[in-house]
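Chemist: Please find one structure pasted underneath; my questions will follow.
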There are 4 protein chains.
Amino acid sequence: MNIGIAGASGYTGLELIRILSFHDKVEINQISSRKFSGKKLKDFFPFISGKYGDLVFKEDLNLSDSDIFFLCLPHEPSVDYVFQVLENGKKVIDLSGAYRLKNKENYIEYYGFEHKYPNLLERSVYGLPEIFREEIKNAELIANPGCYPTATLIGLYPAVKEGIILENEAVVNALSGISGAGREPKQQFHFPEAYGDSYPYNPIKHRHIPEMEDILKAVGDKNFSVRFTPHILPVSRGMISTIHFKTNLSRDDLKEIYRDYYKDEPFVRFCENPPHIKHVIGSNFTDIFIDKDERTGYGIVVTAIDNLCKGASSQAVQNLNLIAGFDETYKLLDLSQSGIVFP
Amino acid sequence: MNIGIAGASGYTGLELIRILSFHDKVEINQISSRKFSGKKLKDFFPFISGKYGDLVFKEDLNLSDSDIFFLCLPHEPSVDYVFQVLENGKKVIDLSGAYRLKNKENYIEYYGFEHKYPNLLERSVYGLPEIFREEIKNAELIANPGCYPTATLIGLYPAVKEGIILENEAVVNALSGISGAGREPKQQFHFPEAYGDSYPYNPIKHRHIPEMEDILKAVGDKNFSVRFTPHILPVSRGMISTIHFKTNLSRDDLKEIYRDYYKDEPFVRFCENPPHIKHVIGSNFTDIFIDKDERTGYGIVVTAIDNLCKGASSQAVQNLNLIAGFDETYKLLDLSQSGIVFP
Amino acid sequence: MNIGIAGASGYTGLELIRILSFHDKVEINQISSRKFSGKKLKDFFPFISGKYGDLVFKEDLNLSDSDIFFLCLPHEPSVDYVFQVLENGKKVIDLSGAYRLKNKENYIEYYGFEHKYPNLLERSVYGLPEIFREEIKNAELIANPGCYPTATLIGLYPAVKEGIILENEAVVNALSGISGAGREPKQQFHFPEAYGDSYPYNPIKHRHIPEMEDILKAVGDKNFSVRFTPHILPVSRGMISTIHFKTNLSRDDLKEIYRDYYKDEPFVRFCENPPHIKHVIGSNFTDIFIDKDERTGYGIVVTAIDNLCKGASSQAVQNLNLIAGFDETYKLLDLSQSGIVFP
Amino acid sequence: MNIGIAGASGYTGLELIRILSFHDKVEINQISSRKFSGKKLKDFFPFISGKYGDLVFKEDLNLSDSDIFFLCLPHEPSVDYVFQVLENGKKVIDLSGAYRLKNKENYIEYYGFEHKYPNLLERSVYGLPEIFREEIKNAELIANPGCYPTATLIGLYPAVKEGIILENEAVVNALSGISGAGREPKQQFHFPEAYGDSYPYNPIKHRHIPEMEDILKAVGDKNFSVRFTPHILPVSRGMISTIHFKTNLSRDDLKEIYRDYYKDEPFVRFCENPPHIKHVIGSNFTDIFIDKDERTGYGIVVTAIDNLCKGASSQAVQNLNLIAGFDETYKLLDLSQSGIVFP
């Protein structure tokens, strides 16, 4: 099975190559990058695993030459690219936000462009296996989730599905390492300025909000409101989502619901204490903590993921395994356990 | 005016010495430290400003020899120490939590000891000038606030005072640099483990909760509930408090209330965007951002402080200026503006 | 083949467990730790790979129950421990410095104790495969090299072996991440103090000097002097060794010698530019750069390793592969390429 | 006395404004920045001290309107700018490298351009007060030293002046925080890539080499060769220069020479152990350590500075104080002692 990766020189693309270099059931046969077109992978990223070091970045992929395409492109160009891949009768896993929203109006409001293929939005399957495993298996177009939604939806899914959250709303504070902002240098992420700093950003209107609320509405079958505030963490990778909601459930019942929902999930690990980003770096794991503050009536859930792995590229490979009919954990479980967790 | 500092070898004590070495209206004439007793300050902390480098740490301070005492001790020993200073007819600014709570029962529940001098709790004035300036001026015993309460109370005060928060509760997520945990080495703060990591801790019952709720009750004249989750930031200094509450007020009205309350505060700076910890490091400033999410009905306030300065030692000097009758900003404004903010 | 690990709760011990959890030709059947005796591995280090999570730390290993023992103990206790393992007829890979020096007098001078088994020093083989591969294959006692010596000896070996260094001396400046100082919390490595700091230490007499000079004397067959200055890098892992020596060789000849010596080494990667620690983290690779400054007559060699991997635990597994007759790169090459290198 | 700052929006320019906002004997009356032309300082750098917050960046300075000009421009544009300032009869402190070298040929080789005003190179005084204090007092054109040369020259000056270094050469390994690379975002200094990384760069030919060698030749009255290797430190600020040279002097004599040379220097602090960058951040101090390795015959000197302060902007103010006839330490000593040194 041949794999093509468009936009392979960004962080998610490079991470995909790293992960797939261990996946012996598929072969990356073409990669593209406008910036590095004509260059060998190993000349610019010499530390990327030997297997694919001699691949040359193309200006554009040949859409007939691979069986499955991963798109690591900006949101807007992905809209067309997905259309073309599907026209060519191939499957596509899109790591951008181009096909994550159900309501085309939200593209104008949150992404700033009009979506050209609203019909395709309906064919798109949201690639979060912990919620949509069965749909993913038969999908042709997978919208690979954003990092914040992955961490938050895994944290909210059982409670929303069970309908045990009062007022159908949650307050979500999330922390993200800076690789989430991409590989393009920016002033605010220039090392001397970002080092030792931390701050919230986009405090009212973050582009991931409709993505989360769409899924929670589908899960709970009614509107659900997410009051979301992202924060910059001065680290390369890692993400924490700290979620508060009101509930009448007791601490024990709340914990039991979560344990029940996730008891067979290979990549969800329960923690006795709030999880650490350092324990999930390089892995496809979501570490999760659940508790209830009986004094204030709030349930609290905390999740930790690696924003570039479960929040992007290793989750894309988990989806690949599902659509290709491989074991869902193939090579991912090993890799998840080989990361450097300590110190 | 002579100053004595007990427990001067911890972070807050050393920071006090650094700040007071510029304050030419007072003189530190004695410092104590069990650990460094008999040693010269400059032999162990050679980078501390020249003026006090030759001071020798005493085993114990002489309570007759200074006019004002700063206590940088653990909570429980401070209970007695404050009593003794007052018995000697001197004034005391206590940087521990020993006299911050109004309800003595909370000492058992949140600090794990029974308070020996509950009567003194009533004489204690909470040293947050933005709320209690007038009371501070005449105080003999100042309970210098904790870092989390300082950041959070400045963020909640106008809204609680005005009574515009629905349900009398707020969800507070705070981030703290690791110096907040003190100078004693601990496994979880050993550099190789803390570097690149982040996580929430004490997710249900943090010792600063009753301190915040006591003050908010006094301010708003009714119970107020704080759903509080602290997080570790992998930096030395700095604190963010991100506060959400429900309100019917419009965005503009909310902002106006805050601007009105703090328009004359010398150490509160309004920000157009959420504040950065890097901009307040080394200073007595609180940078503050206020907004309303009309979509969800939540007000959002973010504050940033330096946990060792406005969250501890420079605030203690602000209180000193007030009780001594100096200009409240004396030497503090200069110092606050001389810190390295960039990069 | 059964493996026992003594002192398994320190950084090198935990790293060994992580690496060996992928090595299906051996089985860790016992681990010891005074501190965690009686506790399950996964209860304290829940992120360590599942395979060995249920292992319980013993107070002491049973020396009859494993075939090969890895010692991750302090230097002095290792002296006896090695003796006892050998008495039991088992093989031992010692990660301490207890058997690295050839001259017993240097133990008094550099380690502060008298060596009880000087005869064993002669039986010990220095576990640096790039120099002593053949001797390692038949060794019963392997002294696994220190991190600074590994980085420096790989950098000096070809030049010293070829005898092309004038005056038989080199100036070595090395930088080390803080995990090299071990897992025990210390004041100078308390996060708030180590963060953002850097400095040389032990500028005259570092314990790794005789280890390096012994090997270089053996390699070059005459005394060789290393003027060594280590520096603290404010990161968890990673090591740079920057080596200068005078030589009459041209740039091209110098490079050719190095390429020739290391052309078949599976874990030495040549770099066109000075190597980055971030490219070797989690791997057994040594990245190396060689050049000549024709203006001053100095050759310059820079090596980068992960101090806990090639500088300790993965090198120990490389040695295991050699003494056990496995492929030298077994599981190590995969693991070395799976690390997170970017960003 | 009016001050103009050209190129005021880079790190050295902003740092100059911060420092001068405390200097009440001069007034910044104009600042320029192509990038921020027409904008108020406080709108883009709100944390810069209030005094100058309302200054508006000009496209270009008026060369008649200030008495002394600080140039924080790239090297080549500075060549002309200095000429024009001098033509206008004003004094200039140039923070670029445009007038640091004595030999115009080195501009072609090390800076890549032909110097238009070689005659002016002779009028330029090298602004390192520890060596050229008297010349600085009467200078019209001060070439403010680079950060690496400042740290290295202060470390070598007494030994070179006394002629006690054998073979007239030194091996210098230096470490620099990333602010030394300027404020313009670059791929290699994008936070996710620079975080946790370290490496040497420009290992053979760094532009600061002729600057150091010119001065050392002038000091020692014969050619002196510096074998220089800079390294990137993953911190914002701070610089270490670790210097080795051969000498026949004893340890005690070596130390005595240094103590004697620097005994009256207000900004040189002697350290018993190798200095830490964290102790000089924000200050004009150079912390220095001197020792002799009797075993190998090498003297070792280590210096630590803040690359943006003593390595750039505070040294420029020290030079301002000298040419303006103020106390050399005016406001600088206070500021140097107010920095956050701990933690």
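Letters for chains follow the order of the structure tokens (A, B, ...), residue numbers begin at 1 for each chain, and ligand numbers begin at 1 in the order shown.
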Would you list, as a ChimeraX atom specification, the residues of region 116-312 of chain B that end up in alpha helix (DSSP H) under DSSP run on this structure's backbone?
Modeler: /B:118-123,129-137,147-162,191-194,209-220,251-262
Chemist: Can you list, as number ranges by chain, every protein, DNA or RNA residue that comes within 10 Å of region 66-70 of chain D when you count only C-alpha atoms, leaving out same-chain residues fewer than 3 positions away?
Modeler: D: 1-8, 13, 16, 26-31, 61-63, 73, 81-82, 85-86, 88-96, 140-142, 144, 313, 316-317, 320, 323-324
Chemist: Report as a list of chain:residue names all protein, DNA and RNA residues lying within 8 Å of region 42-55 of chain C, evaluated on only C-alpha atoms, omitting residues in the same chain fewer than 3 positions from it.
Modeler: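 The filter keeps A:His279, A:Val280, A:Gln337, A:Ser338, A:Val341, C:Leu14, C:Ile17, C:Arg18, C:Ser21, C:Ile28, C:Asn29, C:Gln30, C:Ile31, C:Lys39.
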Chemist: Hey, can you spit out that residue selection with C-alpha atoms as a short mmCIF file (atom, residue, chain, number, x, y, z; two decimals), in the first residue's frame?
Modeler:
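See out-v1.cif below for the written result:
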data_model
loop_
_atom_site.label_atom_id
_atom_site.label_comp_id
_atom_site.auth_asym_id
_atom_site.auth_seq_id
_atom_site.Cartn_x
_atom_site.Cartn_y
_atom_site.Cartn_z
CA HIS A 279 4.71 11.20 30.17
CA VAL A 280 3.01 11.26 26.76
CA GLN A 337 6.19 3.11 24.70
CA SER A 338 9.63 3.86 23.30
CA VAL A 341 9.47 9.78 29.22
CA LEU C 14 15.05 3.31 34.32
CA ILE C 17 14.35 -0.89 31.54
CA ARG C 18 12.79 1.28 28.86
CA SER C 21 11.41 -3.64 27.23
CA ILE C 28 14.53 -8.68 32.92
CA ASN C 29 13.68 -11.02 35.76
CA GLN C 30 14.73 -8.94 38.74
CA ILE C 31 15.38 -5.31 39.63
CA LYS C 39 7.07 -1.42 45.33
#
Chemist: Taking only C-alpha atoms into account, find every residue of chain A that has an atom no more than 6 Å from chain B, and write it out as a ChimeraX atom specification.
Modeler: /A:192-193,196-200,204,235,274,276-278,293,343
Chemist: Quick one: distance from CA of Gln315 (chain B) to CA of Glu135 (chain B) in Å, one decimal?
Modeler: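 That distance, rounded to one decimal, is 15.2 Å.
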Chemist: List the neighbours of Pro158 (chain B) out to 8 Å using only C-alpha atoms; skip same-chain residues closer than 6 positions along the sequence, and give me the result as a VMD selection string.
Modeler: chain B and resid 257 to 258 261
Chemist: Give me, please, the distance in Å between CA of Gly325 (chain D) and CA of Glu15 (chain D), quoted to one decimal.
Modeler: 22.1 Å
Chemist: If you run DSSP over the backbone, which residues in region 131-271 of chain B end up strand (DSSP E or B)? Put them as a short mmCIF file (atom, residue, chain, number, x, y, z; two decimals) with C-alpha atoms, in the first residue's frame.
Modeler:
data_model
loop_
_atom_site.label_atom_id
_atom_site.label_comp_id
_atom_site.auth_asym_id
_atom_site.auth_seq_id
_atom_site.Cartn_x
_atom_site.Cartn_y
_atom_site.Cartn_z
CA LEU B 141 0.06 42.63 61.93
CA ILE B 142 -0.11 42.25 58.18
CA ALA B 143 -0.84 38.88 56.64
CA GLU B 169 -18.88 31.40 41.79
CA ALA B 170 -15.89 31.48 39.50
CA VAL B 171 -13.78 28.87 37.77
CA VAL B 172 -10.13 29.79 38.24
CA ASN B 173 -7.27 28.07 36.42
CA ALA B 174 -3.88 29.31 37.46
CA LEU B 175 -0.33 28.64 36.26
CA SER B 176 2.69 29.07 38.50
CA HIS B 190 14.60 18.31 40.17
CA TYR B 199 0.53 19.46 34.88
CA PRO B 200 -2.24 20.46 37.28
CA SER B 225 -17.17 29.90 45.72
CA VAL B 226 -13.88 29.51 43.87
CA ARG B 227 -13.42 26.36 41.78
CA PHE B 228 -9.61 26.51 41.70
CA THR B 229 -7.07 24.44 39.74
CA PRO B 230 -3.37 25.30 39.93
CA HIS B 231 -0.92 24.13 37.24
CA ILE B 232 2.87 23.89 37.20
CA MET B 239 1.97 33.41 37.49
CA ILE B 240 -1.16 33.56 35.36
CA SER B 241 -4.67 33.45 36.78
CA THR B 242 -7.38 32.82 34.18
CA ILE B 243 -10.78 33.49 35.69
CA HIS B 244 -14.23 32.69 34.28
CA PHE B 245 -17.59 33.70 35.72
CA LYS B 246 -21.10 34.11 34.42
CA VAL B 268 -2.16 47.61 37.96
CA ARG B 269 -1.62 47.81 34.18
CA PHE B 270 -4.45 47.20 31.73
#
Chemist: Please measure the separation of CA of Val79 (chain C) and CA of Val219 (chain C), giving the value in Å to one decimal.
Modeler: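 Straight-line distance from CA of Val79 (chain C) to CA of Val219 (chain C) works out to 25.3 Å.
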Chemist: Between B:Asn223, B:Thr12, B:Ser314, B:Asn284, which has the minimum distance to Pro74 (chain B) (counting only C-alpha atoms)?
Modeler: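 Of B:Asn223, B:Thr12, B:Ser314, B:Asn284, the one nearest Pro74 (chain B) is B:Thr12, counting only C-alpha atoms.
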